[in-house]
$ cat structure37.tsv   # TSV, C-alpha atoms
chain	number	residue	atom	x	y	z
A	653	MET	CA	0.00	0.00	0.00
A	654	SER	CA	1.41	3.32	-0.99
A	655	ALA	CA	1.38	6.25	1.40
A	656	PRO	CA	-0.64	9.33	0.44
A	657	HIS	CA	1.11	12.50	-0.57
A	658	ASP	CA	1.78	14.69	2.45
A	659	ASP	CA	-0.49	17.45	1.21
A	660	GLY	CA	-3.18	15.25	-0.31
A	661	THR	CA	-4.90	16.00	-3.62
A	662	ALA	CA	-7.13	19.04	-4.12
A	663	LEU	CA	-10.64	18.15	-5.27
A	664	PRO	CA	-11.83	19.75	-8.50
A	665	ALA	CA	-14.31	22.55	-7.95
A	666	GLU	CA	-17.38	20.60	-9.05
A	667	ARG	CA	-16.65	17.85	-6.53
A	668	ALA	CA	-15.58	20.23	-3.79
A	669	ARG	CA	-18.99	21.90	-3.87
A	670	ALA	CA	-20.55	18.74	-2.45
A	671	PHE	CA	-18.71	19.47	0.79
A	672	ASP	CA	-20.07	22.95	1.48
A	673	TRP	CA	-21.51	21.49	4.67
A	674	ILE	CA	-17.99	21.52	6.10
A	675	ASP	CA	-18.14	25.28	6.57
A	676	GLU	CA	-21.70	25.36	7.88
A	677	SER	CA	-22.26	22.33	10.09
A	678	PRO	CA	-21.33	21.85	13.76
A	679	ALA	CA	-18.49	19.70	12.46
A	680	PHE	CA	-16.71	22.92	11.47
A	681	ASP	CA	-16.40	24.02	15.11
A	682	VAL	CA	-15.25	20.55	16.12
A	683	MET	CA	-12.64	20.41	13.38
A	684	GLN	CA	-11.32	23.87	14.19
A	685	ALA	CA	-10.97	22.93	17.86
A	686	LEU	CA	-8.89	19.88	16.96
A	687	LEU	CA	-6.71	21.76	14.49
A	688	ALA	CA	-6.09	24.47	17.06
A	689	ALA	CA	-4.57	21.83	19.32
A	690	GLN	CA	-2.32	20.49	16.55
A	691	PRO	CA	-2.21	21.43	12.85
A	692	ASP	CA	-3.13	18.74	10.32
A	693	CYS	CA	-4.22	16.33	13.05
A	694	ALA	CA	-7.79	15.73	11.85
A	695	ARG	CA	-9.65	14.81	8.66
A	696	PHE	CA	-13.18	13.86	7.76
A	697	VAL	CA	-13.44	10.16	7.04
A	698	GLY	CA	-15.67	7.35	5.83
A	699	GLY	CA	-19.26	7.73	4.76
A	700	CYS	CA	-19.45	11.51	4.76
A	701	VAL	CA	-16.48	11.66	2.35
A	702	ARG	CA	-17.58	8.70	0.22
A	703	ASP	CA	-21.15	9.98	-0.16
A	704	GLY	CA	-20.06	13.50	-0.95
A	705	LEU	CA	-17.85	12.23	-3.75
A	706	VAL	CA	-20.88	10.65	-5.44
A	707	GLY	CA	-23.06	13.70	-4.82
A	708	VAL	CA	-25.12	12.33	-1.94
A	709	GLU	CA	-25.82	14.35	1.18
A	710	ALA	CA	-23.96	13.05	4.23
A	711	LYS	CA	-26.09	11.59	7.02
A	712	ASP	CA	-23.44	11.26	9.70
A	713	ILE	CA	-20.17	13.13	9.97
A	714	ASP	CA	-17.12	11.35	11.32
A	715	ILE	CA	-13.68	12.75	12.00
A	716	ALA	CA	-10.43	10.83	12.34
A	717	THR	CA	-7.57	12.34	14.30
A	718	SER	CA	-4.03	11.58	15.34
A	719	LEU	CA	-4.77	13.08	18.77
A	720	THR	CA	-5.29	10.60	21.59
A	721	PRO	CA	-8.75	10.60	23.24
A	722	ASP	CA	-7.58	12.60	26.26
A	723	ARG	CA	-6.14	15.26	23.96
A	724	VAL	CA	-9.36	15.31	21.93
A	725	ILE	CA	-11.35	15.99	25.10
A	726	ALA	CA	-8.93	18.72	26.14
A	727	ALA	CA	-9.07	20.34	22.69
A	728	LEU	CA	-12.87	20.36	22.68
A	729	LYS	CA	-13.12	21.78	26.19
A	730	ALA	CA	-10.61	24.49	25.32
A	731	LYS	CA	-13.15	25.76	22.77
A	732	SER	CA	-16.12	25.29	25.12
A	733	LEU	CA	-17.44	22.28	23.21
A	734	GLY	CA	-18.93	19.22	24.84
A	735	ALA	CA	-17.23	15.83	24.90
A	736	ALA	CA	-18.86	12.49	25.73
A	737	PRO	CA	-16.66	9.35	25.97
A	738	THR	CA	-19.15	7.18	24.07
A	739	GLY	CA	-16.59	4.67	22.83
A	740	ILE	CA	-13.40	5.73	24.50
A	741	GLU	CA	-12.08	2.16	24.75
A	742	HIS	CA	-11.92	2.20	20.95
A	743	GLY	CA	-10.79	5.80	20.75
A	744	THR	CA	-14.15	7.43	20.01
A	745	ILE	CA	-15.33	10.66	21.59
A	746	THR	CA	-18.65	12.25	20.67
A	747	ALA	CA	-18.07	15.98	20.34
A	748	ILE	CA	-21.09	18.18	21.03
A	749	ALA	CA	-21.45	21.43	19.07
A	750	ASN	CA	-24.67	23.38	18.75
A	751	HIS	CA	-26.50	20.48	20.45
A	752	GLN	CA	-25.38	18.03	17.75
A	753	GLY	CA	-22.98	15.12	18.03
A	754	VAL	CA	-19.95	14.49	15.85
A	755	GLU	CA	-17.90	11.33	16.35
A	756	VAL	CA	-14.17	11.87	16.65
A	757	THR	CA	-12.01	8.74	16.60
A	758	THR	CA	-8.29	8.41	17.15
A	759	LEU	CA	-6.34	6.68	14.39
A	760	ARG	CA	-6.12	2.98	15.16
A	761	ALA	CA	-4.25	-0.17	14.20
A	762	ASP	CA	-5.61	-3.64	14.98
A	763	VAL	CA	-3.69	-5.66	17.55
A	764	SER	CA	-5.91	-8.75	17.63
A	765	THR	CA	-9.34	-9.79	16.34
A	766	ASP	CA	-11.74	-12.67	17.02
A	767	GLY	CA	-14.23	-12.31	14.18
A	768	ARG	CA	-16.56	-10.06	16.19
A	769	ARG	CA	-14.45	-7.32	17.70
A	770	ALA	CA	-10.90	-6.04	17.60
A	771	SER	CA	-8.35	-4.96	20.15
A	772	VAL	CA	-6.74	-1.78	18.89
A	773	ALA	CA	-3.74	0.41	19.54
A	774	PHE	CA	-3.72	4.11	18.82
A	775	THR	CA	-1.42	5.34	16.08
A	776	THR	CA	-0.46	8.52	14.26
A	777	ASP	CA	-0.09	6.69	10.93
A	778	TRP	CA	-2.94	7.43	8.53
A	779	CYS	CA	-2.02	4.47	6.32
A	780	LYS	CA	-2.26	2.04	9.23
A	781	ASP	CA	-5.68	3.43	10.09
A	782	ALA	CA	-6.79	2.98	6.48
A	783	ALA	CA	-5.43	-0.58	6.35
A	784	ARG	CA	-7.71	-1.75	9.17
A	785	ARG	CA	-10.91	-0.55	7.47
A	786	ASP	CA	-13.18	-2.82	5.42
A	787	PHE	CA	-13.50	-1.45	1.87
A	788	THR	CA	-11.38	0.91	-0.16
A	789	ILE	CA	-14.30	3.32	-0.63
A	790	ASN	CA	-14.59	3.68	3.15
A	791	ALA	CA	-10.93	4.65	3.62
A	792	LEU	CA	-11.06	8.14	2.15
A	793	TYR	CA	-9.99	11.17	4.21
A	794	LEU	CA	-10.72	14.83	3.52
A	795	THR	CA	-9.35	18.01	5.06
A	796	PRO	CA	-11.46	21.15	5.60
A	797	GLU	CA	-9.60	22.64	2.61
A	798	ARG	CA	-11.04	19.81	0.43
A	799	ARG	CA	-7.79	17.95	0.01
A	800	LEU	CA	-8.33	14.23	-0.39
A	801	TYR	CA	-6.11	11.51	1.10
A	802	ASP	CA	-6.62	8.16	-0.60
A	803	PRO	CA	-4.14	5.55	0.72
A	804	VAL	CA	-5.81	2.47	-0.78
A	805	GLY	CA	-7.30	3.58	-4.10
A	806	GLY	CA	-10.83	4.18	-2.90
A	807	LEU	CA	-11.60	7.06	-5.26
A	808	ALA	CA	-10.86	5.00	-8.38
A	809	ASP	CA	-13.07	2.20	-7.08
A	810	LEU	CA	-15.84	4.65	-6.26
A	811	ASP	CA	-15.70	6.17	-9.74
A	812	ASP	CA	-15.59	2.71	-11.34
A	813	ARG	CA	-18.52	1.57	-9.15
A	814	ARG	CA	-16.53	-1.19	-7.54
A	815	VAL	CA	-16.61	-2.39	-3.91
A	816	ARG	CA	-13.37	-4.12	-2.90
A	817	PHE	CA	-12.04	-5.30	0.41
A	818	ILE	CA	-8.80	-3.65	1.48
A	819	GLY	CA	-6.06	-6.21	1.03
A	820	ASP	CA	-6.95	-9.90	1.24
A	821	PRO	CA	-10.76	-10.37	1.48
A	822	ALA	CA	-10.49	-13.49	3.64
A	823	HIS	CA	-8.24	-11.71	6.11
A	824	ARG	CA	-10.65	-8.77	6.32
A	825	ILE	CA	-13.58	-11.13	6.93
A	826	HIS	CA	-11.75	-13.14	9.59
A	827	GLU	CA	-11.33	-9.86	11.50
A	828	ASP	CA	-15.11	-9.32	11.60
A	829	TYR	CA	-17.62	-11.66	9.95
A	830	LEU	CA	-20.19	-8.86	9.78
A	831	ARG	CA	-18.16	-7.62	6.82
A	832	ILE	CA	-19.81	-10.36	4.76
A	833	LEU	CA	-23.17	-8.61	5.07
A	834	ARG	CA	-21.57	-5.21	4.64
A	835	PHE	CA	-20.01	-6.39	1.38
A	836	PHE	CA	-23.45	-7.12	-0.05
A	837	ARG	CA	-25.00	-3.93	1.34
A	838	PHE	CA	-22.31	-1.62	-0.03
A	839	SER	CA	-22.21	-3.50	-3.34
A	840	ALA	CA	-25.96	-2.98	-3.70
A	841	ARG	CA	-25.45	0.74	-3.35
A	842	PHE	CA	-22.09	1.48	-4.96
A	843	ALA	CA	-21.26	-1.32	-7.40
A	844	ASP	CA	-22.45	-2.38	-10.83
A	845	ALA	CA	-21.21	-5.94	-10.25
A	846	PHE	CA	-19.86	-7.98	-7.37
A	847	ASP	CA	-16.11	-8.12	-6.89
A	848	GLU	CA	-15.22	-11.73	-7.70
A	849	ALA	CA	-12.58	-12.15	-4.99
A	850	GLY	CA	-14.84	-10.61	-2.36
A	851	LEU	CA	-17.84	-12.73	-3.34
A	852	LYS	CA	-15.76	-15.91	-3.30
A	853	ALA	CA	-14.42	-15.13	0.18
A	854	CYS	CA	-17.91	-14.36	1.52
A	855	ALA	CA	-19.23	-17.68	0.22
A	856	ALA	CA	-16.29	-19.63	1.64
A	857	LEU	CA	-16.44	-18.04	5.09
A	858	LYS	CA	-20.20	-17.67	5.55
A	859	ALA	CA	-20.34	-20.18	8.41
A	860	GLY	CA	-18.34	-17.76	10.55
A	861	MET	CA	-21.40	-15.52	10.76
A	862	GLU	CA	-22.80	-17.80	13.46
A	863	ILE	CA	-20.62	-16.10	16.07
A	864	LEU	CA	-22.17	-12.69	15.39
A	865	SER	CA	-24.79	-11.31	17.74
A	866	ALA	CA	-28.41	-11.26	16.58
A	867	GLU	CA	-28.50	-7.48	17.02
A	868	ARG	CA	-25.57	-6.87	14.67
A	869	VAL	CA	-26.92	-9.23	12.00
A	870	GLY	CA	-30.41	-7.77	12.29
A	871	ASP	CA	-29.20	-4.19	12.06
A	872	GLU	CA	-26.99	-4.83	9.02
A	873	PHE	CA	-29.56	-6.93	7.16
A	874	SER	CA	-32.27	-4.35	7.84
A	875	LYS	CA	-30.05	-1.67	6.30
A	876	LEU	CA	-29.71	-3.78	3.17
A	877	LEU	CA	-33.46	-4.38	2.97
A	878	SER	CA	-34.04	-0.63	3.37
A	879	SER	CA	-31.96	0.25	0.31
A	880	PRO	CA	-33.95	0.99	-2.87
A	881	THR	CA	-32.18	-1.60	-5.05
A	882	PRO	CA	-31.19	-4.60	-2.92
A	883	HIS	CA	-32.57	-7.36	-5.13
A	884	ALA	CA	-29.31	-8.26	-6.90
A	885	ALA	CA	-27.51	-8.38	-3.56
A	886	ILE	CA	-30.19	-10.58	-1.97
A	887	SER	CA	-30.09	-12.88	-5.00
A	888	ALA	CA	-26.29	-13.11	-4.78
A	889	MET	CA	-26.55	-13.87	-1.08
A	890	ALA	CA	-28.96	-16.70	-1.86
A	891	ALA	CA	-26.75	-18.12	-4.62
A	892	SER	CA	-23.64	-18.01	-2.43
A	893	GLY	CA	-25.36	-19.59	0.58
A	894	VAL	CA	-24.98	-16.48	2.73
A	895	LEU	CA	-28.73	-15.85	2.90
A	896	SER	CA	-29.37	-19.27	4.45
A	897	GLU	CA	-27.00	-18.32	7.27
A	898	ILE	CA	-29.50	-15.60	8.16
A	899	TRP	CA	-32.58	-17.80	7.76
A	900	PRO	CA	-32.58	-21.39	6.42
A	901	ALA	CA	-35.98	-21.43	4.67
A	902	PRO	CA	-36.06	-20.96	0.88
A	903	ALA	CA	-36.52	-17.29	0.02
A	904	GLU	CA	-39.14	-15.98	-2.41
A	905	LEU	CA	-36.77	-13.82	-4.42
A	906	GLU	CA	-39.30	-12.98	-7.13
A	907	CYS	CA	-41.82	-11.80	-4.55
A	908	PHE	CA	-39.19	-9.62	-2.90
A	909	GLY	CA	-38.18	-8.18	-6.26
A	910	ARG	CA	-41.77	-7.19	-7.00
A	911	LEU	CA	-42.07	-5.46	-3.66
A	912	LYS	CA	-38.99	-3.30	-4.24
A	913	ILE	CA	-40.14	-2.38	-7.74
A	914	LEU	CA	-43.51	-1.26	-6.44
A	915	ALA	CA	-42.23	0.34	-3.26
A	916	PRO	CA	-38.44	0.97	-3.21
A	917	ASP	CA	-38.70	2.39	0.32
A	918	ALA	CA	-40.68	-0.58	1.73
A	919	SER	CA	-39.75	-1.16	5.35
A	920	PRO	CA	-37.51	-4.09	6.41
A	921	PRO	CA	-40.43	-5.94	8.12
A	922	LEU	CA	-42.37	-5.92	4.86
A	923	GLY	CA	-39.25	-7.04	3.03
A	924	LEU	CA	-38.87	-9.98	5.42
A	925	ALA	CA	-42.53	-10.87	4.90
A	926	ALA	CA	-42.01	-10.83	1.14
A	927	LEU	CA	-38.86	-12.95	1.35
A	928	TRP	CA	-40.10	-15.72	3.62
A	929	GLY	CA	-43.82	-15.33	4.26
A	930	ALA	CA	-45.06	-17.78	6.91
A	931	ARG	CA	-41.80	-19.71	6.54
A	932	GLY	CA	-40.21	-16.79	8.36
A	933	ASP	CA	-41.82	-17.63	11.71
A	934	GLY	CA	-39.00	-17.24	14.23
A	935	ILE	CA	-36.94	-14.75	12.24
A	936	ASP	CA	-38.06	-11.94	14.57
A	937	ALA	CA	-35.97	-13.46	17.37
A	938	ARG	CA	-33.16	-14.46	15.00
A	939	LEU	CA	-32.68	-10.83	13.98
A	940	ARG	CA	-33.74	-9.42	17.35
A	941	LEU	CA	-36.40	-7.22	15.78
A	942	SER	CA	-38.22	-4.69	17.92
A	943	ASN	CA	-41.71	-5.66	19.03
A	944	ALA	CA	-43.17	-3.10	16.60
A	945	ASP	CA	-41.21	-4.44	13.61
A	946	ALA	CA	-42.04	-8.04	14.50
A	947	ALA	CA	-45.73	-7.12	14.61
A	948	ARG	CA	-45.49	-5.40	11.20
A	949	ARG	CA	-43.91	-8.46	9.62
A	950	LYS	CA	-46.50	-10.82	11.10
A	951	SER	CA	-49.38	-8.57	10.04
A	952	ALA	CA	-48.12	-8.49	6.44
A	953	VAL	CA	-47.87	-12.28	6.37
A	954	LYS	CA	-51.37	-12.70	7.84
A	955	LEU	CA	-52.89	-10.23	5.39
A	956	ALA	CA	-51.35	-12.05	2.44
A	957	ALA	CA	-52.60	-15.38	3.74
A	958	GLY	CA	-56.10	-13.90	3.91
A	959	VAL	CA	-55.98	-12.57	0.36
A	960	ALA	CA	-55.21	-15.97	-1.12
A	961	PRO	CA	-54.41	-19.46	0.20
A	962	GLY	CA	-50.81	-20.23	0.96
A	963	PRO	CA	-48.01	-18.77	3.06
A	964	SER	CA	-46.75	-16.18	0.58
A	965	VAL	CA	-47.12	-12.42	0.59
A	966	ALA	CA	-46.98	-12.66	-3.22
A	967	ALA	CA	-50.78	-12.39	-3.66
A	968	ILE	CA	-50.93	-8.84	-2.30
A	969	LEU	CA	-47.98	-7.89	-4.50
A	970	THR	CA	-49.44	-9.56	-7.59
A	971	ALA	CA	-52.62	-7.53	-7.25
A	972	ALA	CA	-50.64	-4.31	-6.85
A	973	GLU	CA	-48.32	-5.21	-9.71
A	974	ARG	CA	-51.29	-5.88	-12.02
A	975	ARG	CA	-52.70	-2.41	-11.30
A	976	TRP	CA	-49.27	-0.85	-11.79
A	977	ILE	CA	-48.97	-2.46	-15.22
A	978	ASP	CA	-52.52	-1.51	-16.16
A	979	GLU	CA	-51.70	2.13	-15.37
A	980	ASP	CA	-48.73	1.94	-17.76
A	981	PHE	CA	-45.98	1.79	-15.13
A	982	PRO	CA	-46.55	5.04	-13.21
A	983	PRO	CA	-43.69	6.51	-11.14
A	984	THR	CA	-42.68	5.37	-7.67
A	985	GLU	CA	-45.02	7.66	-5.76
A	986	ARG	CA	-48.09	6.27	-7.55
A	987	ALA	CA	-46.78	2.70	-7.25
A	988	ARG	CA	-46.52	3.21	-3.50
A	989	GLU	CA	-50.11	4.47	-3.40
A	990	ILE	CA	-51.29	1.37	-5.27
A	991	LEU	CA	-49.48	-0.94	-2.87
A	992	ASN	CA	-50.90	0.84	0.17
A	993	GLU	CA	-54.39	0.66	-1.33
A	994	GLU	CA	-54.09	-3.08	-1.80
A	995	ILE	CA	-52.84	-3.54	1.77
A	996	ALA	CA	-55.74	-1.40	3.04
A	997	ARG	CA	-58.18	-3.41	0.92
A	998	ALA	CA	-56.92	-6.65	2.43
A	999	ALA	CA	-57.07	-5.20	5.95
A	1000	LYS	CA	-60.70	-4.16	5.42
A	1001	ALA	CA	-61.68	-7.51	3.98
A	1002	PHE	CA	-59.97	-9.49	6.72
A	1003	PRO	CA	-60.06	-7.32	9.88
A	1004	GLY	CA	-59.58	-10.29	12.14
A	1005	GLU	CA	-56.15	-10.88	10.71
A	1006	MET	CA	-54.72	-7.60	12.03

$ encode --input "structure37.tsv" --output "structure tokens"
Amino acid sequence: MSAPHDDGTALPAERARAFDWIDESPAFDVMQALLAAQPDCARFVGGCVRDGLVGVEAKDIDIATSLTPDRVIAALKAKSLGAAPTGIEHGTITAIANHQGVEVTTLRADVSTDGRRASVAFTTDWCKDAARRDFTINALYLTPERRLYDPVGGLADLDDRRVRFIGDPAHRIHEDYLRILRFFRFSARFADAFDEAGLKACAALKAGMEILSAERVGDEFSKLLSSPTPHAAISAMAASGVLSEIWPAPAELECFGRLKILAPDASPPLGLAALWGARGDGIDARLRLSNADAARRKSAVKLAAGVAPGPSVAAILTAAERRWIDEDFPPTERAREILNEEIARAAKAFPGEM
């Protein structure tokens, strides 16, 4: 892995404009506090950089720094900013500016891993911090001046719509088996095809997912189901055997595909109902769903069973799909209305199933 240039690479103006939030958000005050303690000690990292580079508004803002956690706290307090040690054992401090939180994490290098969590040591080496991350597109760093540090070739992969593990995929997965699910989720969003080496490693190491907690699996899988275009990823998971590690029953991939065409923002409980129908009984506990989400999934399955015999939610989707086609494929907003109307129709016809 080659080290980044000391001064990084200036973003072209059209790309730099996507990061105007740097000068306006609470993160600006946090960044300035850190840089006042030591010049060039902090950079934006991860999702907020990756998303900005593809023109998507950042949801969460993360900062990486070479300052140790105690120095981060001191730097924040020196500028009258709040500091909460939310993950201090892993080097993370939540800075509070204008009543909003910004995560600040000290550069880290893995010392040991067990497939679920890692023991880390703090470092001042940006390349070592990048090397411990999962995918190249998540190891991009940006200064407030819009200078990009790209130690592992993440920008080229992002532009080529490619999701690659950093280094050896098997090694990355052995560090944390949740990266198998993250590979499919990020590929669904940022890739046109699945990286062959990554897909092969996920298939070979899928059994390691059994050591993951239900909460982590449920959270990651729900994020995938929430994405607007997850069907190819779910299909690839089924073909590779990864999906059966989440739930062993055969999945109704066609039914799930219909759902996401009709309603790209369908909730994860409805997605689970579409995938497994009544064969999904027990998945609520497997994924540690909230009581509300478990109830939503069960209601969708019951409604579908009332519309037509059998365990599948496909009947409700078939009716909605037929109307969607009859209306000459209206846009997403109308498709969502059609789906909701069919669900409401079923609920009215079979009130006892709610």

$ atom_distance --input "structure37.tsv" --atom1 "CA of Ile818 (chain A)" --atom2 "CA of Ala840 (chain A)"
17.9 Å

$ residues_around --input "structure37.tsv" --residues "Ile832 (chain A)" --least-positions-apart "6" --cutoff "8 Å" --atoms "all atoms listed in the file" --output "tab-separated table (two decimals) with C-alpha atoms, keeping the file's coordinate frame"
chain	number	residue	atom	x	y	z
A	825	ILE	CA	-13.58	-11.13	6.93
A	854	CYS	CA	-17.91	-14.36	1.52
A	858	LYS	CA	-20.20	-17.67	5.55

$ residues_around --input "structure37.tsv" --residues "Pro880 (chain A)" --least-positions-apart "6" --cutoff "9 Å" --atoms "only C-alpha atoms" --output "list of chain:residue names"
A:Ala840, A:Arg841, A:Lys912, A:Ile913, A:Ala915, A:Pro916, A:Asp917, A:Ala918

$ closest_residue --input "structure37.tsv" --among "A:Leu939, A:Leu905, A:Ile725, A:Ala930" --to "Arg868 (chain A)" --atoms "all atoms listed in the file"
A:Leu939

$ residues_around --input "structure37.tsv" --residues "Gly893 (chain A)" --least-positions-apart "5" --cutoff "10 Å" --atoms "all atoms listed in the file" --output "list in words"
Cys854, Ala855, Ala856, Lys858, Ala859, Ser887, Ala888, Ile898 and Pro900 of chain A

$ closest_residue --input "structure37.tsv" --among "A:Val724, A:Ile745, A:Ala710, A:Ile674" --to "Gln690 (chain A)" --atoms "all atoms listed in the file"
A:Val724

$ residues_around --input "structure37.tsv" --residues "Ala987 (chain A)" --least-positions-apart "4" --cutoff "7 Å" --atoms "only C-alpha atoms" --output "MDAnalysis selection string"
chainID A and resid 914:915 976 982:983 991

$ closest_residue --input "structure37.tsv" --among "A:Gly929, A:Arg975, A:Pro882, A:Trp778" --to "Glu989 (chain A)" --atoms "all atoms listed in the file"
A:Arg975

$ residues_around --input "structure37.tsv" --residues "Val708 (chain A)" --least-positions-apart "5" --cutoff "12 Å" --atoms "all atoms listed in the file" --output "tab-separated table (two decimals) with C-alpha atoms, keeping the file's coordinate frame"
chain	number	residue	atom	x	y	z
A	667	ARG	CA	-16.65	17.85	-6.53
A	669	ARG	CA	-18.99	21.90	-3.87
A	670	ALA	CA	-20.55	18.74	-2.45
A	671	PHE	CA	-18.71	19.47	0.79
A	673	TRP	CA	-21.51	21.49	4.67
A	699	GLY	CA	-19.26	7.73	4.76
A	700	CYS	CA	-19.45	11.51	4.76
A	701	VAL	CA	-16.48	11.66	2.35
A	702	ARG	CA	-17.58	8.70	0.22
A	703	ASP	CA	-21.15	9.98	-0.16
A	841	ARG	CA	-25.45	0.74	-3.35
A	842	PHE	CA	-22.09	1.48	-4.96

$ closest_residue --input "structure37.tsv" --among "A:Leu941, A:Ala791, A:Ala688, A:Ile886" --to "Arg723 (chain A)" --atoms "only C-alpha atoms"
A:Ala688

$ closest_residue --input "structure37.tsv" --among "A:Asp712, A:Thr661, A:Asn992, A:Pro796" --to "Asp675 (chain A)" --atoms "only C-alpha atoms"
A:Pro796

$ closest_residue --input "structure37.tsv" --among "A:Leu911, A:Ala749, A:Leu719, A:Leu663" --to "Leu686 (chain A)" --atoms "all atoms listed in the file"
A:Leu719

$ atom_distance --input "structure37.tsv" --atom1 "CA of Ile748 (chain A)" --atom2 "CA of Lys729 (chain A)"
10.2 Å

$ axis_aligned_box --input "structure37.tsv" --around "region 918-937 of chain A" --padding-each-side "3 Å" --output "AutoDock Vina command-line options"
--center_x -40.5 --center_y -10.1 --center_z 9.3 --size_x 15.1 --size_y 25.1 --size_z 22.2

$ atom_distance --input "structure37.tsv" --atom1 "CA of Ala716 (chain A)" --atom2 "CA of Glu755 (chain A)"
8.5 Å

$ residues_near_point --input "structure37.tsv" --point "(-20.1, 17.5, 24.6)" --cutoff "7 Å" --atoms "only C-alpha atoms" --output "JSON, numbers by chain"
{"A": [733, 734, 735, 736, 746, 747, 748, 749]}

$ residues_near_point --input "structure37.tsv" --point "(-6.9, -7.1, 10.6)" --cutoff "8 Å" --atoms "only C-alpha atoms" --output "list in words"
Asp762, Val763, Ser764, Thr765, Ala783, Arg784, His823, Arg824, His826 and Glu827 of chain A

$ write_last_selection --input "structure37.tsv" --atoms "C-alpha atoms" --output "PDB file, keeping the file's coordinate frame"
ATOM      1  CA  ASP A 762      -5.610  -3.640  14.980  1.00  0.00           C
ATOM      2  CA  VAL A 763      -3.690  -5.660  17.550  1.00  0.00           C
ATOM      3  CA  SER A 764      -5.910  -8.750  17.630  1.00  0.00           C
ATOM      4  CA  THR A 765      -9.340  -9.790  16.340  1.00  0.00           C
ATOM      5  CA  ALA A 783      -5.430  -0.580   6.350  1.00  0.00           C
ATOM      6  CA  ARG A 784      -7.710  -1.750   9.170  1.00  0.00           C
ATOM      7  CA  HIS A 823      -8.240 -11.710   6.110  1.00  0.00           C
ATOM      8  CA  ARG A 824     -10.650  -8.770   6.320  1.00  0.00           C
ATOM      9  CA  HIS A 826     -11.750 -13.140   9.590  1.00  0.00           C
ATOM     10  CA  GLU A 827     -11.330  -9.860  11.500  1.00  0.00           C
TER      11      GLU A 827
END

$ build_atoms --input "structure37.tsv" --residues "region 697-707 of chain A" --atoms "N, CA, C and O atoms" --output "PDB file, keeping the file's coordinate frame"
ATOM      1  N   VAL A 697     -13.748  11.513   7.475  1.00  0.00           N
ATOM      2  CA  VAL A 697     -13.440  10.160   7.040  1.00  0.00           C
ATOM      3  C   VAL A 697     -14.720   9.362   6.790  1.00  0.00           C
ATOM      4  O   VAL A 697     -15.783   9.666   7.340  1.00  0.00           O
ATOM      5  N   GLY A 698     -14.599   8.335   5.975  1.00  0.00           N
ATOM      6  CA  GLY A 698     -15.670   7.350   5.830  1.00  0.00           C
ATOM      7  C   GLY A 698     -16.845   7.821   5.014  1.00  0.00           C
ATOM      8  O   GLY A 698     -16.695   8.438   3.955  1.00  0.00           O
ATOM      9  N   GLY A 699     -18.044   7.510   5.517  1.00  0.00           N
ATOM     10  CA  GLY A 699     -19.260   7.730   4.760  1.00  0.00           C
ATOM     11  C   GLY A 699     -19.501   9.145   4.303  1.00  0.00           C
ATOM     12  O   GLY A 699     -19.966   9.375   3.177  1.00  0.00           O
ATOM     13  N   CYS A 700     -19.189  10.119   5.148  1.00  0.00           N
ATOM     14  CA  CYS A 700     -19.450  11.510   4.760  1.00  0.00           C
ATOM     15  C   CYS A 700     -18.564  11.932   3.592  1.00  0.00           C
ATOM     16  O   CYS A 700     -18.971  12.754   2.759  1.00  0.00           O
ATOM     17  N   VAL A 701     -17.366  11.365   3.489  1.00  0.00           N
ATOM     18  CA  VAL A 701     -16.480  11.660   2.350  1.00  0.00           C
ATOM     19  C   VAL A 701     -16.927  10.869   1.131  1.00  0.00           C
ATOM     20  O   VAL A 701     -17.104  11.422   0.036  1.00  0.00           O
ATOM     21  N   ARG A 702     -17.143   9.580   1.330  1.00  0.00           N
ATOM     22  CA  ARG A 702     -17.580   8.700   0.220  1.00  0.00           C
ATOM     23  C   ARG A 702     -18.867   9.222  -0.425  1.00  0.00           C
ATOM     24  O   ARG A 702     -18.960   9.339  -1.639  1.00  0.00           O
ATOM     25  N   ASP A 703     -19.859   9.534   0.396  1.00  0.00           N
ATOM     26  CA  ASP A 703     -21.150   9.980  -0.160  1.00  0.00           C
ATOM     27  C   ASP A 703     -21.029  11.313  -0.876  1.00  0.00           C
ATOM     28  O   ASP A 703     -21.643  11.524  -1.928  1.00  0.00           O
ATOM     29  N   GLY A 704     -20.240  12.216  -0.303  1.00  0.00           N
ATOM     30  CA  GLY A 704     -20.060  13.500  -0.950  1.00  0.00           C
ATOM     31  C   GLY A 704     -19.426  13.365  -2.327  1.00  0.00           C
ATOM     32  O   GLY A 704     -19.770  14.092  -3.266  1.00  0.00           O
ATOM     33  N   LEU A 705     -18.527  12.424  -2.477  1.00  0.00           N
ATOM     34  CA  LEU A 705     -17.850  12.230  -3.750  1.00  0.00           C
ATOM     35  C   LEU A 705     -18.771  11.702  -4.840  1.00  0.00           C
ATOM     36  O   LEU A 705     -18.479  11.825  -6.032  1.00  0.00           O
ATOM     37  N   VAL A 706     -19.907  11.105  -4.446  1.00  0.00           N
ATOM     38  CA  VAL A 706     -20.880  10.650  -5.440  1.00  0.00           C
ATOM     39  C   VAL A 706     -22.111  11.552  -5.441  1.00  0.00           C
ATOM     40  O   VAL A 706     -23.148  11.221  -6.014  1.00  0.00           O
ATOM     41  N   GLY A 707     -21.999  12.714  -4.777  1.00  0.00           N
ATOM     42  CA  GLY A 707     -23.060  13.700  -4.820  1.00  0.00           C
ATOM     43  C   GLY A 707     -24.241  13.430  -3.929  1.00  0.00           C
ATOM     44  O   GLY A 707     -25.340  13.940  -4.158  1.00  0.00           O
TER      45      GLY A 707
END
